[in-house]
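Next up, protein07.txt (compact mmCIF, C-alpha atoms and all ligand atoms):
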# COMPACT_ATOMS: atom_id res chain seq x y z
CA MET E 1 107.77 102.66 111.91
CA HIS E 2 111.42 103.36 112.23
CA SER E 3 112.98 105.14 115.12
CA MET E 4 115.58 106.77 112.93
CA ILE E 5 113.92 110.12 112.73
CA GLN E 6 116.41 112.70 113.84
CA LYS E 7 117.35 116.29 113.34
CA THR E 8 114.38 116.84 111.14
CA PHE E 9 113.50 120.22 112.42
CA ALA E 10 116.87 121.54 111.45
CA VAL E 11 116.61 119.82 108.12
CA LEU E 12 113.18 121.16 107.41
CA LEU E 13 114.33 124.63 108.34
CA THR E 14 117.59 124.64 106.50
CA ILE E 15 117.72 122.51 103.40
CA ALA E 16 115.01 124.43 101.62
CA GLY E 17 115.72 122.74 98.35
CA ILE E 18 119.14 124.19 97.85
CA ALA E 19 121.45 122.13 100.00
CA VAL E 20 121.33 118.78 98.27
CA PRO E 21 124.36 116.90 99.55
CA THR E 22 126.97 116.44 96.89
CA GLN E 23 129.51 114.29 98.68
CA SER E 24 129.16 110.63 97.83
CA ALA E 25 131.80 108.21 98.99
CA SER E 26 130.23 105.29 97.19
CA HIS E 27 127.73 104.99 94.40
CA GLU E 28 124.25 103.80 95.09
CA PRO E 29 123.63 101.25 92.36
CA VAL E 30 120.99 102.37 89.95
CA LYS E 31 118.87 99.49 88.85
CA GLU E 32 118.11 98.48 85.26
CA GLN E 33 121.33 100.21 84.19
CA ALA E 34 119.38 103.19 83.08
CA ILE E 35 121.31 106.31 82.30
CA PRO E 36 120.45 108.66 85.11
CA THR E 37 118.14 111.33 83.82
CA PRO E 38 118.15 114.31 86.11
CA ILE E 39 114.73 115.80 86.51
CA LEU E 40 115.60 119.38 85.88
CA THR E 41 112.25 120.92 86.32
CA GLN E 42 110.51 118.41 88.46
CA THR E 43 107.01 119.61 89.06
CA ILE E 44 105.20 118.19 91.99
CA PRO E 45 101.58 117.58 91.08
CA ALA E 46 99.37 119.92 93.00
CA ALA E 47 97.42 117.24 94.76
CA LEU E 48 100.60 115.69 96.08
CA LYS E 49 101.30 118.62 98.28
CA THR E 50 98.11 118.14 100.17
CA PHE E 51 99.38 115.08 101.90
CA SER E 52 101.05 113.85 104.99
CA LEU E 53 103.28 116.41 106.60
CA SER E 54 101.28 119.25 105.26
CA SER E 55 97.67 119.94 105.87
CA LYS E 56 94.94 118.85 103.52
CA LYS E 57 93.74 122.38 103.82
CA ALA E 58 96.73 123.46 101.77
CA ALA E 59 94.90 122.14 98.75
CA LYS E 60 93.19 125.45 98.23
CA ASP E 61 96.35 127.39 97.56
CA LEU E 62 98.36 124.92 95.63
CA ASN E 63 98.68 126.86 92.45
CA SER E 64 101.10 129.32 93.94
CA SER E 65 104.45 128.38 95.38
CA ASN E 66 103.52 130.10 98.58
CA ILE E 67 101.40 127.58 100.38
CA SER E 68 99.17 128.85 103.07
CA MET E 69 98.23 126.31 105.67
CA ASN E 70 95.72 127.45 108.17
CA LEU E 71 94.48 124.89 110.59
CA ALA E 72 91.03 125.01 112.00
CA THR E 73 92.11 124.79 115.59
CA LYS E 74 91.49 128.11 117.16
CA GLY E 75 94.49 129.96 118.47
CA SER E 76 96.63 126.97 119.29
CA GLU E 77 98.73 126.98 116.15
CA HIS E 78 101.85 129.00 116.09
CA SER E 79 103.05 130.70 112.98
CA LEU E 80 106.44 129.14 112.44
CA PRO E 81 108.13 129.38 109.06
CA THR E 82 109.03 125.97 107.78
CA TYR E 83 109.62 124.07 104.58
CA THR E 84 108.16 120.91 103.29
CA THR E 85 110.62 118.98 101.21
CA TRP E 86 109.92 116.36 98.59
CA LEU E 87 112.39 114.03 97.01
CA SER E 88 112.34 112.58 93.49
CA PRO E 89 114.64 109.97 91.91
CA THR E 90 117.01 111.29 89.26
CA ALA E 91 117.27 107.85 87.63
CA SER E 92 114.49 105.68 86.27
CA VAL E 93 114.73 103.33 89.25
CA VAL E 94 116.50 103.84 92.56
CA ASN E 95 116.51 101.86 95.78
CA ILE E 96 114.68 102.74 98.95
CA ARG E 97 116.58 101.07 101.78
CA THR E 98 115.74 100.21 105.35
CA GLN E 99 118.66 102.22 106.76
CA PRO E 100 120.87 105.05 105.49
CA SER E 101 123.50 102.77 104.01
CA THR E 102 123.99 100.83 100.77
CA ASP E 103 124.68 97.73 102.91
CA THR E 104 121.09 97.53 104.12
CA PRO E 105 118.16 95.70 102.49
CA VAL E 106 116.10 97.27 99.73
CA LEU E 107 112.62 98.03 100.96
CA LYS E 108 111.22 98.90 97.56
CA GLU E 109 112.07 100.83 94.44
CA ALA E 110 111.40 104.45 93.68
CA HIS E 111 110.77 105.46 90.09
CA ALA E 112 111.39 108.60 88.13
CA GLY E 113 108.38 110.84 88.32
CA GLU E 114 107.48 109.83 91.85
CA SER E 115 107.92 112.18 94.77
CA TYR E 116 108.24 111.28 98.42
CA PRO E 117 107.90 113.54 101.45
CA VAL E 118 111.20 113.91 103.31
CA ILE E 119 110.99 113.06 107.00
CA SER E 120 114.61 113.48 108.00
CA GLN E 121 118.17 113.54 106.73
CA LYS E 122 121.31 111.74 107.84
CA GLY E 123 124.50 112.66 106.01
CA SER E 124 123.76 112.26 102.30
CA TRP E 125 120.71 110.13 102.95
CA TYR E 126 117.10 111.17 103.13
CA GLU E 127 114.44 109.40 105.12
CA VAL E 128 111.17 109.46 103.20
CA ALA E 129 107.65 108.26 103.92
CA VAL E 130 106.93 105.41 101.53
CA SER E 131 103.50 104.51 102.83
CA PRO E 132 101.21 105.43 105.68
CA HIS E 133 103.11 102.89 107.75
CA GLN E 134 106.65 103.00 106.68
CA THR E 135 109.68 105.13 106.06
CA GLY E 136 112.79 104.24 104.08
CA TRP E 137 116.05 105.84 102.99
CA ILE E 138 117.10 107.15 99.58
CA ALA E 139 120.65 108.20 98.79
CA GLY E 140 120.91 111.92 98.08
CA TRP E 141 123.13 111.33 95.05
CA VAL E 142 120.39 109.58 93.12
CA ALA E 143 117.65 112.03 93.93
CA ASN E 144 116.67 115.67 93.85
CA THR E 145 114.92 117.50 96.60
CA GLN E 146 112.44 120.25 96.15
CA SER E 147 111.00 122.37 98.87
CA PHE E 148 108.20 124.79 99.10
CA HIS E 149 107.68 127.41 101.67
CA ALA E 150 104.75 127.11 103.98
CA ALA E 151 103.61 130.47 105.21
CA ASP E 152 101.96 129.02 108.26
CA SER E 153 103.40 125.84 109.54
CA LEU E 154 101.87 122.95 111.36
CA GLY E 155 103.73 124.01 114.49
CA THR E 156 101.60 123.39 117.54
CA ILE E 157 102.16 124.79 121.02
CA LEU E 158 102.05 122.40 123.97
CA ASN E 159 99.43 123.51 126.46
CA LYS E 160 100.71 121.39 129.35
CA ASP E 161 103.89 121.43 131.35
CA ASN E 162 106.32 118.50 131.73
CA VAL E 163 104.96 116.65 128.72
CA PRO E 164 106.75 113.29 128.44
CA LEU E 165 108.41 112.56 125.09
CA PHE E 166 108.42 108.78 124.65
CA ALA E 167 110.42 106.65 122.20
CA GLY E 168 107.19 104.95 121.05
CA PRO E 169 103.44 105.47 121.07
CA GLY E 170 102.74 104.67 124.73
CA ASN E 171 104.01 105.20 128.25
CA GLU E 172 105.52 101.71 128.23
CA PHE E 173 108.25 103.08 125.97
CA LYS E 174 111.40 104.77 127.20
CA MET E 175 110.94 108.39 128.11
CA ILE E 176 113.43 110.53 126.19
CA ARG E 177 112.85 113.76 128.11
CA ARG E 178 110.17 116.17 129.16
CA LEU E 179 108.94 119.16 127.18
CA SER E 180 107.86 122.32 128.89
CA LYS E 181 104.66 124.22 128.30
CA ASN E 182 104.63 126.44 125.19
CA THR E 183 107.19 124.29 123.39
CA ILE E 184 106.47 124.25 119.66
CA VAL E 185 106.28 120.83 118.10
CA GLN E 186 105.49 119.59 114.63
CA PRO E 187 103.06 116.66 114.51
CA LEU E 188 104.02 113.82 112.14
CA PHE E 189 102.07 110.66 112.83
CA VAL E 190 99.16 109.56 114.99
CA SER E 191 98.89 106.18 116.69
CA GLY E 192 96.07 105.68 119.14
CA ASP E 193 96.32 108.32 121.85
CA TYR E 194 99.83 109.39 120.92
CA VAL E 195 101.22 111.76 118.34
CA LYS E 196 104.72 111.55 116.95
CA VAL E 197 106.23 115.00 116.95
CA LEU E 198 109.46 116.80 116.23
CA ASP E 199 110.62 119.34 118.72
CA GLN E 200 113.02 122.17 118.15
CA GLN E 201 115.85 120.28 119.81
CA GLU E 202 115.95 118.25 116.60
CA GLN E 203 114.45 115.30 118.34
CA SER E 204 111.39 113.25 117.58
CA GLY E 205 109.28 111.22 119.93
CA TRP E 206 105.73 110.50 120.96
CA ILE E 207 103.61 112.62 123.24
CA PRO E 208 100.08 112.08 124.57
CA ILE E 209 97.57 113.53 122.16
CA ASP E 210 96.04 115.68 124.89
CA SER E 211 99.33 117.55 125.45
CA ALA E 212 98.29 120.11 122.90
CA ASN E 213 95.19 121.17 121.08
CA PHE E 214 96.10 119.38 117.89
CA GLY E 215 92.53 119.53 116.71
CA LYS E 216 90.67 117.08 114.55
CA GLU E 217 91.83 118.74 111.34
CA THR E 218 95.46 118.29 112.28
CA VAL E 219 95.04 114.72 113.36
CA ASP E 220 93.08 113.83 110.24
CA SER E 221 95.74 115.31 108.02
CA LEU E 222 98.51 113.16 109.42
CA TRP E 223 99.58 109.81 108.20
CA PHE E 224 98.02 107.00 110.12
CA ALA E 225 100.55 105.02 112.10
CA ASP E 226 100.27 101.36 113.02
CA ALA E 227 97.24 100.43 115.08
CA ALA E 228 97.70 99.45 118.69
CA THR E 229 97.76 95.84 119.91
CA PRO E 230 94.44 94.10 119.30
CA VAL E 231 92.16 93.69 122.24
CA GLN E 232 91.30 90.21 123.53
CA ALA E 233 88.10 88.55 122.36
CA SER E 234 85.32 88.89 124.85
CA PRO E 235 83.69 85.46 125.43
CA ASP E 236 80.17 86.77 125.90
CA GLY E 237 80.19 89.51 123.27
CA LEU E 238 77.65 90.12 120.56
CA LEU E 239 79.51 87.93 118.06
CA ALA E 240 80.70 85.19 120.42
CA GLY E 241 81.02 81.88 118.60
CA LYS E 242 81.24 83.49 115.16
CA THR E 243 84.30 83.05 112.98
CA ILE E 244 85.18 85.93 110.69
CA VAL E 245 88.02 85.89 108.21
CA ILE E 246 89.40 89.32 107.33
CA ASP E 247 91.38 89.39 104.11
CA PRO E 248 93.44 92.57 103.63
CA GLY E 249 93.89 92.61 99.86
CA HIS E 250 97.35 92.28 98.27
CA GLY E 251 100.59 92.47 100.26
CA GLY E 252 104.32 92.04 99.81
CA LYS E 253 105.34 92.10 96.14
CA ASP E 254 101.70 92.58 95.20
CA THR E 255 101.10 96.23 96.00
CA GLY E 256 97.63 96.45 94.51
CA ALA E 257 96.62 99.78 93.07
CA ILE E 258 99.11 102.61 93.49
CA GLY E 259 98.02 106.20 93.90
CA LYS E 260 99.38 107.97 90.83
CA ILE E 261 99.66 111.42 92.31
CA GLN E 262 100.99 110.20 95.64
CA PRO E 263 102.93 107.03 96.35
CA ILE E 264 100.30 105.24 98.38
CA ASP E 265 99.98 101.50 97.95
CA GLU E 266 96.56 99.98 98.15
CA LYS E 267 97.92 97.08 100.22
CA ASP E 268 98.81 99.42 103.09
CA ILE E 269 95.40 101.06 103.23
CA ASN E 270 93.73 97.64 103.10
CA LEU E 271 95.78 96.43 106.05
CA ALA E 272 95.16 99.59 108.06
CA VAL E 273 91.39 99.24 107.64
CA ALA E 274 91.60 95.50 108.37
CA LYS E 275 93.38 96.11 111.66
CA VAL E 276 90.76 98.54 112.86
CA LEU E 277 88.04 96.07 111.85
CA GLN E 278 89.89 93.25 113.62
CA GLN E 279 89.77 95.14 116.90
CA LYS E 280 86.09 95.92 116.59
CA LEU E 281 85.21 92.29 115.89
CA LEU E 282 87.43 91.00 118.69
CA ALA E 283 85.81 93.42 121.09
CA ALA E 284 82.43 91.96 120.09
CA GLY E 285 83.65 88.47 120.96
CA ALA E 286 84.18 87.10 117.45
CA HIS E 287 86.87 84.63 116.52
CA VAL E 288 88.86 86.65 114.01
CA ILE E 289 91.31 85.22 111.51
CA MET E 290 93.45 87.56 109.43
CA THR E 291 94.84 86.24 106.14
CA ARG E 292 97.78 88.57 106.76
CA THR E 293 98.77 90.98 109.54
CA THR E 294 101.91 92.36 107.95
CA ASP E 295 103.15 93.36 104.51
CA VAL E 296 103.55 89.85 103.11
CA PHE E 297 102.40 88.12 99.94
CA VAL E 298 99.61 85.56 100.38
CA SER E 299 98.23 83.70 97.37
CA LEU E 300 94.56 83.99 96.49
CA ALA E 301 94.20 80.22 96.87
CA ASP E 302 95.56 80.38 100.41
CA ARG E 303 93.21 83.20 101.33
CA VAL E 304 90.21 81.17 100.20
CA LYS E 305 91.52 78.05 101.92
CA ILE E 306 91.67 79.90 105.24
CA SER E 307 88.02 80.81 104.81
CA ASN E 308 86.81 77.39 103.72
CA GLU E 309 88.80 75.31 106.21
CA ASN E 310 87.75 77.44 109.16
CA HIS E 311 84.10 77.41 108.06
CA ALA E 312 84.00 81.19 108.31
CA ASP E 313 80.63 82.71 109.11
CA ALA E 314 81.77 85.63 107.01
CA PHE E 315 84.76 86.27 104.76
CA ILE E 316 85.56 89.89 104.06
CA SER E 317 88.18 90.89 101.55
CA ILE E 318 89.21 94.54 101.90
CA HIS E 319 90.39 96.51 98.87
CA GLN E 320 90.51 100.03 97.47
CA ASN E 321 89.34 100.77 93.97
CA MET E 322 91.08 102.25 90.93
CA TYR E 323 89.56 103.69 87.77
CA PRO E 324 91.95 106.19 86.20
CA ASP E 325 89.71 106.76 83.16
CA ASN E 326 87.25 108.58 85.35
CA PRO E 327 88.78 110.35 88.38
CA GLN E 328 85.26 111.32 89.45
CA MET E 329 84.40 107.76 90.34
CA HIS E 330 84.10 107.53 94.08
CA GLY E 331 82.60 105.65 96.95
CA THR E 332 82.32 102.17 98.31
CA MET E 333 81.46 99.15 96.18
CA THR E 334 80.80 95.68 97.49
CA TYR E 335 81.01 92.47 95.48
CA TYR E 336 79.62 89.00 95.99
CA TYR E 337 79.32 85.89 93.90
CA GLU E 338 76.20 83.85 93.39
CA SER E 339 75.16 82.72 96.86
CA GLN E 340 72.19 84.35 98.53
CA GLN E 341 74.05 84.60 101.84
CA SER E 342 76.97 86.39 100.20
CA HIS E 343 74.55 88.75 98.51
CA ILE E 344 72.97 89.66 101.84
CA LEU E 345 76.37 90.14 103.47
CA ALA E 346 77.51 92.46 100.67
CA HIS E 347 74.23 94.34 100.80
CA ASP E 348 74.39 94.86 104.57
CA ILE E 349 77.92 96.26 104.40
CA GLU E 350 77.03 98.52 101.49
CA GLU E 351 74.01 99.82 103.39
CA GLN E 352 76.19 100.75 106.37
CA ALA E 353 78.80 102.40 104.15
CA LEU E 354 76.09 104.52 102.55
CA LYS E 355 75.07 105.72 106.01
CA GLN E 356 78.62 106.47 107.14
CA PHE E 357 79.89 108.30 104.11
CA SER E 358 76.76 110.13 102.93
CA PHE E 359 77.65 109.88 99.25
CA ASP E 360 75.95 112.22 96.88
CA LYS E 361 73.69 109.74 95.16
CA SER E 362 71.98 112.31 92.95
CA ASN E 363 75.24 113.15 91.20
CA ASP E 364 76.43 109.68 90.91
CA THR E 365 75.22 107.83 87.88
CA ALA E 366 78.65 106.40 87.14
CA ASN E 367 78.89 104.59 90.38
CA LEU E 368 77.17 101.36 91.31
CA ARG E 369 76.56 101.19 94.99
CA THR E 370 74.70 97.98 95.46
CA GLY E 371 76.23 94.59 95.81
CA VAL E 372 77.65 93.56 92.46
CA ASN E 373 77.55 89.94 91.35
CA ASN E 374 81.01 89.20 90.03
CA ASP E 375 82.33 85.82 88.98
CA GLU E 376 85.81 87.06 88.15
CA LEU E 377 86.95 87.64 91.69
CA TYR E 378 88.85 84.55 92.76
CA VAL E 379 88.41 84.94 96.51
CA LEU E 380 84.65 85.06 96.00
CA HIS E 381 84.29 82.50 93.24
CA HIS E 382 86.12 79.76 95.12
CA ASN E 383 84.75 80.53 98.54
CA THR E 384 82.28 78.08 100.07
CA GLN E 385 81.43 80.54 102.86
CA PRO E 386 79.43 83.78 102.85
CA ALA E 387 81.96 86.08 101.24
CA THR E 388 82.22 89.65 100.07
CA LEU E 389 84.87 91.91 98.62
CA VAL E 390 84.68 95.54 99.69
CA GLU E 391 86.27 98.28 97.60
CA GLY E 392 86.41 101.10 100.13
CA LEU E 393 87.18 104.09 97.92
CA PHE E 394 88.88 105.07 94.68
CA LEU E 395 92.62 105.74 94.76
CA SER E 396 92.17 107.24 91.29
CA ASN E 397 89.98 109.98 92.77
CA PRO E 398 92.22 112.76 94.17
CA LYS E 399 89.99 113.50 97.12
CA GLU E 400 89.52 109.88 98.05
CA LEU E 401 93.24 109.24 97.65
CA ALA E 402 93.82 111.99 100.21
CA ASP E 403 91.15 110.53 102.48
CA SER E 404 92.58 107.02 102.27
CA VAL E 405 95.46 107.68 104.68
CA THR E 406 93.37 109.40 107.32
CA THR E 407 92.24 107.80 110.55
CA ASP E 408 88.82 109.23 109.84
CA TYR E 409 88.35 107.22 106.66
CA GLN E 410 89.96 104.07 108.01
CA GLU E 411 87.78 104.17 111.11
CA LYS E 412 84.57 104.84 109.17
CA MET E 413 85.28 102.12 106.63
CA ALA E 414 86.06 99.56 109.34
CA ASP E 415 82.95 100.63 111.21
CA SER E 416 80.77 100.22 108.11
CA ILE E 417 82.04 96.70 107.61
CA TYR E 418 81.70 95.91 111.30
CA LYS E 419 78.10 97.10 111.45
CA GLY E 420 77.27 95.31 108.22
CA VAL E 421 78.69 92.05 109.55
CA VAL E 422 76.75 92.40 112.80
CA GLN E 423 73.57 93.13 110.82
CA PHE E 424 74.20 90.06 108.67
CA LEU E 425 75.16 87.63 111.44
CA LEU E 426 72.43 88.58 113.87
CA LYS E 427 69.57 88.21 111.39
ZN ZN H 501 92.80 95.46 95.35
When written as C-alpha cells, how does the structure in this file appear?
Amino acid sequence: MHSMIQKTFAVLLTIAGIAVPTQSASHEPVKEQAIPTPILTQTIPAALKTFSLSSKKAAKDLNSSNISMNLATKGSEHSLPTYTTWLSPTASVVNIRTQPSTDTPVLKEAHAGESYPVISQKGSWYEVAVSPHQTGWIAGWVANTQSFHAADSLGTILNKDNVPLFAGPGNEFKMIRRLSKNTIVQPLFVSGDYVKVLDQQEQSGWIPIDSANFGKETVDSLWFADAATPVQASPDGLLAGKTIVIDPGHGGKDTGAIGKIQPIDEKDINLAVAKVLQQKLLAAGAHVIMTRTTDVFVSLADRVKISNENHADAFISIHQNMYPDNPQMHGTMTYYYESQQSHILAHDIEEQALKQFSFDKSNDTANLRTGVNNDELYVLHHNTQPATLVEGLFLSNPKELADSVTTDYQEKMADSIYKGVVQFLLK
C-alpha cells in the first residue's frame, strides 16, 4: 500500500470525467512505439463497475449510466453525491509507475482496453488500484478518464466522537488527526480491524472499523488490504511438530491468470489467501514455510525443492482457475498426483471447501469437484511429499472474479484449506 493517497475526495467530486489534465511538461514514453490510439468511446464492461470503490450491489443497475448503490446497512449510510472514475490507456501499452513521476520505477504495464479505478490525482497523474494490494500512477496524458455518477454513495457517517485517523492500519502508526462524530467518510480498503477512509478534508487515513457502522456488505465490497503481521507459532498447538509448505502460485513477472473484465492478477489473490492460511496454521502450532511472501518470481523447481528438502508433512499450492470458454464454470478444484497420501490431502481440502461454499451441485455437471489426478502439474509431479494444488475459484466467472478480492472469500478459502490440512494430518 502506498501512502500517497491525497485529495481524493475533491477529485472524486470534481473531475467527473471532464477535467482530464492537458498540461504535460514531459512525455511519458509509450512502450512498443505504438501510435497512440485514443479510445474515443471507451465502454467500461458492466461487471467492471461492480468492483472495489463501488459496491457489488451496484451490479443490478449497471445497464444505465445512473448507478444506484444502496448498502444493506440500515440507516448509517449518508446519501452523498459522488463519482467513481475509471482510467484507460490511450496507447496500446503505457507505464504504471510507483510514484507520480517519469523518474520512478515502472510497476507494471497497462494495456489498451483495460480500465483501472482511480484512487487519487496529483497534478497530471492519476493513482489507480492495480491489484487488491497495490496502487500505482499513470500519467494523465497517456490515458482517458471516465466517470459515472453514483446516486447513492458509499459515504458512511462516523457514529463515535474523536475518532483517530492513523497513517496506517493500527494505533502504532502516527495519528494524523481526530474526526468528530457525524463526519462523512468514504471507505476504501480494509486491513484487519482498520478501514482506510477518505474524509472531506481531502485526507485519507485509517480508522478503527468500529468507528462507524460500515456493515458487512460494505466491508466485503472493499479491496482487501495486506494482512496483518503473522502470529507466532504456538508450541503446544494442534499442529505442533508439523511442517507445512504454502506455495502461493505465480508471482513477480508471472502474473498467472488475469481477470479479463477487471485487472486482477491471480498471483495477488493467491498470496492473499496464503497469508490468511499462514496465520491459521501458525496459530495451530505448525512450522509454516512460505515459498514466497511478496510479489516475487520463484521457479517451480525451487518451490518443489523447498517442499522436498524440508520434508513437508503437507505441501499446498494455492491458485485460482481460469476457463474463458465457459464463464459458468465455478468452484474449488483440488489436484493431486499419484500418491495415496496426496489424494487424501486433496480430498480432505475439497470436502471442507464444499462445506464452506455450498456450491450448487445439482446444476454443476461441468465442474469436477473431487480431487483430480493430474500428472502435468510440475509442483505435484516432482514432489516427494504429500502435495496438492488448490484452484480456489474461477477468475473467468464474473461472480467469482468479484468474490476473489473480498475478505469473505479469502477467509473462507484459507479456512477450507486449514480445516482440510488438520483433517489430513490428524488422521
Ligand atoms: Zn495459477
Shell of 12 Å around ligand ZN 501 (chain H) (all atoms listed in the file), written as a ChimeraX atom specification
/E:247-251,254-258,265-271,300,317-323,333,377-379,389-395
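The gap separating CA of Ser204 (chain E) from CA of Ile157 (chain E) is 15.2 Å, in Å to one decimal.
From CA of Phe315 (chain E) back to CA of Tyr418 (chain E), the distance works out to 12.0 Å.
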At what distance in Å, to one decimal, does CA of Ala212 (chain E) lie from CA of Val273 (chain E)?
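Answer for the CA of Val273 (chain E) to CA of Ala212 (chain E) separation: 26.8 Å.
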Check the smallest atom-to-atom distance from each of E:Gly170, E:Gly420, E:Pro398, E:Gly136 to Asn95 (chain E) using all atoms listed in the file, then report the winner.
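Nearest to Asn95 (chain E): E:Gly136.
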Need to verify the contact set: region 347-360 of chain E, 12 Å, all atoms listed in the file, exclusion of same-chain residues closer than 5 positions in sequence. Can you return it as number ranges by chain?
E: 314, 316-318, 328-336, 340-342, 365-373, 386-393, 400, 403, 408-427
Is it possible to get the axis-aligned box enclosing region 269-273 of chain E (all listed atoms, 5 Å extra per side) as lines of an AutoDock Vina configuration file, with centre and edge lengths in Å rounded to one decimal?
center_x = 93.6
center_y = 98.7
center_z = 105.6
size_x = 14.4
size_y = 14.6
size_z = 15.0
